[in-house]
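Please read the structure below before turning to the comments.
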Amino acid sequence: MVKKRFMAEDQPAVSSASPEPAQAVAQPSAEPLPTGPLMSYFILSDLHISVGDPLTVKKLRQALDDITHFDGPVDAIMLTGDLTDTGTERDYKELRTIVSEYKLPPVHANMGNHDYYTIWINKANNWDQAAVPNGKSDEVSREQFKKFFGYKSLYNDFTTKGHSILLLSQEAYVQEKPEVGEGAWYSDEQLAWFKERVKALYQPGRPLFVMTHQPLPPNGTDGGSHQLIRAIQFRETLKPYKNVFVFCGHRHQDFQNGTPHYVQETFHYFHNSSVGRTLNRAYQQEAKNKAQGIYVQVFADKVVVRGREFSNRTFLDEANWSIDLQKAQA
């Protein structure tokens with residue numbers, strides 16, 4: 001149980017196509033599709049937990065309160081980057097304290113750009129850009145993240161009830177690679193791992209899920225700051241496969257502000273909102289009390305993706321998608 005794992009400081013924490021038309025007469029041996037969800041999970045992005053911003057702490061507690069009292073199955077929780085605001089030891093300690101209060105399903109995560117921000121923070125826990133890296137390094141950030149979740153690698157996959165989720169993480173920040181800015185840089189090793197794991201985990205007729213933090217740039221281009229940098233190779237890896245669902249964070253944008261949160265490519269691509277700091281179209285934190293995330297349900301013939309407002313425990317009509325799964329070829 002995640003609750004146990006988070007308790008002690010020295011313990012690691014943890015393009016859409018319609019389905020084929022049904023036959024006019026069912027075969028006697030045909031079995032009806034299961035009616036309930038086969039697997040369900042929450043995606044929480046951009047928590048930005050900060051000792052200096054109590055509102056982020058309040059909002060994560062709202063989300064976890066909602067999830068633990070949720071009227072429906074929750075098989076896992078994915079945290080897609082910017083878990084903390086500064087990546088400092090004290091912000092991770094605050095995150096550990098919050099999560100240890102709840103009995104949760106398996107929790108998995110990837111790193112966002114803010115999880116590397118400890119290089120900007122001095123010993124007095126103040127922003128000190130002039131003294132970067134303030135005696136720290138990107139390696140410190142990576143090791144801190146891995147220790148928190150008990151990971152051997154920054155990138156991982158998780159399978160439950162026959163359905164798999166891959167979590168990719170940026171592997172360096174500006175201390176090691178100034179040119180990446182706030183973008184997500186993936187190494188040759190991670191991209192080779194990604195290609196191999198997609199091939200190994202893919203099951204025709206079933207969905208495969210991929211979590212990133214930064215969003216993709218326009219199709220056909222590689223990204224820069226605030227984007228997934230090696231995007232051409234990322235897209236090429238997924239191109240041969242059907243029923244792939246990619247979720248990103250980083251934008252923070254409110255599900256109710258009219259900006260598109262779902263884009264259909266060769267895969268189904270969703271932009272999450274933010275738990276800690278939900279923003280309007282102008283990237284301003286206008287509605288300070290909103291805290292939003294995504295609930296995913298996998299059925300035999302479709303995947304349902306719904307936006308959730310944790311502050312009042314409601315689903316959002318503006319974020320409600322049902323995607324038919326393409327059947328495996330006979």
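Residues are named by chain letter and number: chains run A, B, ... in the order of the structure tokens, numbers start at 1 in each chain, and ligands are numbered from 1 in the order shown.
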Strand (DSSP E or B) per DSSP on the backbone: members of segment 29-227 of chain A, as a count of residues only: 36
Atom CA of Gln203 of chain A to atom CA of Thr237 of chain A, straight-line distance in Å: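 Atom-to-atom, atom CA of Thr237 of chain A and atom CA of Gln203 of chain A are spaced 15.3 Å apart.
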Surrounding residues of Leu316 of chain A excluding itself and chain neighbours under 4 positions, 9 Å, only C-alpha atoms, as JSON, numbers by chain: {"A": [255, 256, 306, 307, 308, 309, 320]}
Any chance you could export the current selection's N, CA, C and O atoms as a PDB file, in the first residue's frame?
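As a result, result.pdb now contains:
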```pdb
ATOM      1  N   PHE A 255     -10.180  23.298 -17.842  1.00  0.00           N
ATOM      2  CA  PHE A 255     -11.010  22.562 -18.797  1.00  0.00           C
ATOM      3  C   PHE A 255     -12.208  23.388 -19.280  1.00  0.00           C
ATOM      4  O   PHE A 255     -12.809  23.065 -20.299  1.00  0.00           O
ATOM      5  N   GLN A 256     -12.545  24.436 -18.548  1.00  0.00           N
ATOM      6  CA  GLN A 256     -13.750  25.203 -18.854  1.00  0.00           C
ATOM      7  C   GLN A 256     -13.464  26.528 -19.566  1.00  0.00           C
ATOM      8  O   GLN A 256     -14.362  27.371 -19.681  1.00  0.00           O
ATOM      9  N   ARG A 306     -12.581  11.810 -18.616  1.00  0.00           N
ATOM     10  CA  ARG A 306     -13.441  12.855 -18.039  1.00  0.00           C
ATOM     11  C   ARG A 306     -12.624  13.800 -17.159  1.00  0.00           C
ATOM     12  O   ARG A 306     -11.793  13.373 -16.356  1.00  0.00           O
ATOM     13  N   GLY A 307     -12.872  15.098 -17.315  1.00  0.00           N
ATOM     14  CA  GLY A 307     -12.248  16.094 -16.454  1.00  0.00           C
ATOM     15  C   GLY A 307     -12.968  16.156 -15.124  1.00  0.00           C
ATOM     16  O   GLY A 307     -14.201  16.122 -15.065  1.00  0.00           O
ATOM     17  N   ARG A 308     -12.203  16.256 -14.059  1.00  0.00           N
ATOM     18  CA  ARG A 308     -12.757  16.283 -12.704  1.00  0.00           C
ATOM     19  C   ARG A 308     -12.367  17.575 -12.009  1.00  0.00           C
ATOM     20  O   ARG A 308     -11.211  18.021 -12.076  1.00  0.00           O
ATOM     21  N   GLU A 309     -13.351  18.216 -11.361  1.00  0.00           N
ATOM     22  CA  GLU A 309     -13.091  19.368 -10.503  1.00  0.00           C
ATOM     23  C   GLU A 309     -13.089  18.859  -9.063  1.00  0.00           C
ATOM     24  O   GLU A 309     -14.119  18.484  -8.523  1.00  0.00           O
ATOM     25  N   ASN A 320     -15.372  15.772 -21.503  1.00  0.00           N
ATOM     26  CA  ASN A 320     -16.037  14.466 -21.452  1.00  0.00           C
ATOM     27  C   ASN A 320     -15.914  13.824 -22.828  1.00  0.00           C
ATOM     28  O   ASN A 320     -16.603  14.223 -23.766  1.00  0.00           O
TER      29      ASN A 320
END
```
Close residues, Gly205 of chain A itself excluded, 12 Å, only C-alpha atoms, min 5 positions apart in chain, as a list in words: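 Contacts, in chain order: Pro19, Glu20, His163, Tyr241, Lys242, Asn243, Val244, Val298, Phe299, Ala300, Asp301, Lys302, Val303, Asp324, Leu325, Gln326, Lys327, Ala328, Gln329 and Ala330 of chain A.
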DSSP helix (DSSP H, G or I) selection over segment 46-282 of chain A, as number ranges by chain: A: 54-68, 89-99, 113-120, 129-131, 138-149, 178-180, 188-201, 231-238
Between atom CA of Gln264 of chain A and atom CA of His226 of chain A, distance in Å (one decimal):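 Atom-to-atom, atom CA of Gln264 of chain A to atom CA of His226 of chain A, that is 20.8 Å.
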Residues near segment 291-295 of chain A, cut-off 9 Å, only C-alpha atoms, skip fewer than 5 positions along chain, as a JSON list (two decimals) with N, CA and C atoms, in the first residue's frame:
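Result file result-v7.json:
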```json
[["chain", "number", "residue", "atom", "x", "y", "z"],
["A", 40, "SER", "N", -9.63, 1.52, -14.29],
["A", 40, "SER", "CA", -9.89, 2.95, -14.13],
["A", 40, "SER", "C", -8.78, 3.59, -13.32],
["A", 41, "TYR", "N", -8.42, 4.83, -13.67],
["A", 41, "TYR", "CA", -7.37, 5.50, -12.90],
["A", 41, "TYR", "C", -7.49, 7.01, -13.05],
["A", 42, "PHE", "N", -6.85, 7.72, -12.11],
["A", 42, "PHE", "CA", -6.79, 9.18, -12.13],
["A", 42, "PHE", "C", -5.42, 9.65, -12.62],
["A", 43, "ILE", "N", -5.42, 10.80, -13.31],
["A", 43, "ILE", "CA", -4.18, 11.48, -13.70],
["A", 43, "ILE", "C", -4.19, 12.86, -13.04],
["A", 44, "LEU", "N", -3.21, 13.10, -12.19],
["A", 44, "LEU", "CA", -3.06, 14.39, -11.53],
["A", 44, "LEU", "C", -1.77, 15.02, -12.04],
["A", 45, "SER", "N", -1.87, 16.22, -12.56],
["A", 45, "SER", "CA", -0.68, 16.90, -13.07],
["A", 45, "SER", "C", -0.46, 18.22, -12.36],
["A", 59, "LYS", "N", -5.16, 22.06, -2.13],
["A", 59, "LYS", "CA", -5.75, 21.49, -3.35],
["A", 59, "LYS", "C", -5.39, 20.02, -3.52],
["A", 60, "LEU", "N", -4.16, 19.63, -3.20],
["A", 60, "LEU", "CA", -3.83, 18.22, -3.30],
["A", 60, "LEU", "C", -4.65, 17.41, -2.30],
["A", 62, "GLN", "N", -7.63, 18.15, -1.32],
["A", 62, "GLN", "CA", -8.96, 18.07, -1.91],
["A", 62, "GLN", "C", -9.03, 16.93, -2.93],
["A", 63, "ALA", "N", -7.99, 16.84, -3.78],
["A", 63, "ALA", "CA", -7.97, 15.80, -4.80],
["A", 63, "ALA", "C", -7.91, 14.41, -4.17],
["A", 74, "VAL", "N", -10.90, 2.91, -8.57],
["A", 74, "VAL", "CA", -9.66, 3.64, -8.86],
["A", 74, "VAL", "C", -8.52, 2.64, -8.69],
["A", 252, "HIS", "N", -1.49, 23.65, -17.64],
["A", 252, "HIS", "CA", -2.30, 24.08, -16.49],
["A", 252, "HIS", "C", -3.70, 24.58, -16.89],
["A", 254, "ASP", "N", -7.43, 25.49, -17.60],
["A", 254, "ASP", "CA", -8.77, 25.15, -17.13],
["A", 254, "ASP", "C", -9.55, 24.40, -18.22],
["A", 255, "PHE", "N", -10.18, 23.30, -17.84],
["A", 255, "PHE", "CA", -11.01, 22.56, -18.80],
["A", 255, "PHE", "C", -12.21, 23.39, -19.28],
["A", 272, "ASN", "N", -3.91, 17.67, -19.90],
["A", 272, "ASN", "CA", -4.53, 17.76, -18.58],
["A", 272, "ASN", "C", -4.53, 19.21, -18.09],
["A", 273, "SER", "N", -5.34, 19.47, -17.09],
["A", 273, "SER", "CA", -5.31, 20.75, -16.40],
["A", 273, "SER", "C", -4.31, 20.63, -15.25],
["A", 274, "SER", "N", -4.52, 21.32, -14.16],
["A", 274, "SER", "CA", -3.60, 21.31, -13.03],
["A", 274, "SER", "C", -4.36, 21.19, -11.72],
["A", 275, "VAL", "N", -3.78, 20.43, -10.79],
["A", 275, "VAL", "CA", -4.34, 20.37, -9.44],
["A", 275, "VAL", "C", -3.94, 21.63, -8.67],
["A", 276, "GLY", "N", -2.66, 21.97, -8.70],
["A", 276, "GLY", "CA", -2.16, 23.03, -7.83],
["A", 276, "GLY", "C", -2.46, 24.44, -8.29],
["A", 277, "ARG", "N", -2.42, 24.67, -9.62],
["A", 277, "ARG", "CA", -2.59, 26.03, -10.15],
["A", 277, "ARG", "C", -3.28, 25.99, -11.50],
["A", 278, "THR", "N", -4.57, 25.97, -11.49],
["A", 278, "THR", "CA", -5.36, 25.96, -12.72],
["A", 278, "THR", "C", -5.37, 27.37, -13.32],
["A", 304, "VAL", "N", -13.14, 6.08, -21.89],
["A", 304, "VAL", "CA", -13.83, 7.31, -21.50],
["A", 304, "VAL", "C", -12.87, 8.17, -20.67],
["A", 305, "VAL", "N", -12.70, 9.42, -21.09],
["A", 305, "VAL", "CA", -11.81, 10.37, -20.42],
["A", 305, "VAL", "C", -12.66, 11.53, -19.93],
["A", 306, "ARG", "N", -12.58, 11.81, -18.62],
["A", 306, "ARG", "CA", -13.44, 12.85, -18.04],
["A", 306, "ARG", "C", -12.62, 13.80, -17.16],
["A", 307, "GLY", "N", -12.87, 15.10, -17.31],
["A", 307, "GLY", "CA", -12.25, 16.09, -16.45],
["A", 307, "GLY", "C", -12.97, 16.16, -15.12],
["A", 308, "ARG", "N", -12.20, 16.26, -14.06],
["A", 308, "ARG", "CA", -12.76, 16.28, -12.70],
["A", 308, "ARG", "C", -12.37, 17.57, -12.01],
["A", 309, "GLU", "N", -13.35, 18.22, -11.36],
["A", 309, "GLU", "CA", -13.09, 19.37, -10.50],
["A", 309, "GLU", "C", -13.09, 18.86, -9.06],
["A", 310, "PHE", "N", -11.89, 18.83, -8.48],
["A", 310, "PHE", "CA", -11.76, 18.24, -7.15],
["A", 310, "PHE", "C", -12.31, 19.13, -6.04],
["A", 311, "SER", "N", -12.37, 20.43, -6.27],
["A", 311, "SER", "CA", -12.80, 21.34, -5.21],
["A", 311, "SER", "C", -14.26, 21.13, -4.83],
["A", 319, "ALA", "N", -15.30, 18.63, -20.45],
["A", 319, "ALA", "CA", -14.20, 17.66, -20.59],
["A", 319, "ALA", "C", -14.77, 16.25, -20.43]]
```
Residues within 9 Å of segment 166-183 of chain A, only C-alpha atoms, excluding chain neighbours under 4 positions, as an MDAnalysis selection string: chainID A and resid 78 80:81 108:114 116:117 119 132:133 136:139 142 154:159 187 190 194 197:198 208:214 223:229
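Considering only C-alpha atoms, the residue among A:Val107, A:Ala282, A:Ala192, A:Val246 positioned nearest to Gly150 of chain A is A:Val107.
Interatomic distance, atom CA of Cys248 of chain A against atom CA of Lys93 of chain A: 25.0 Å.
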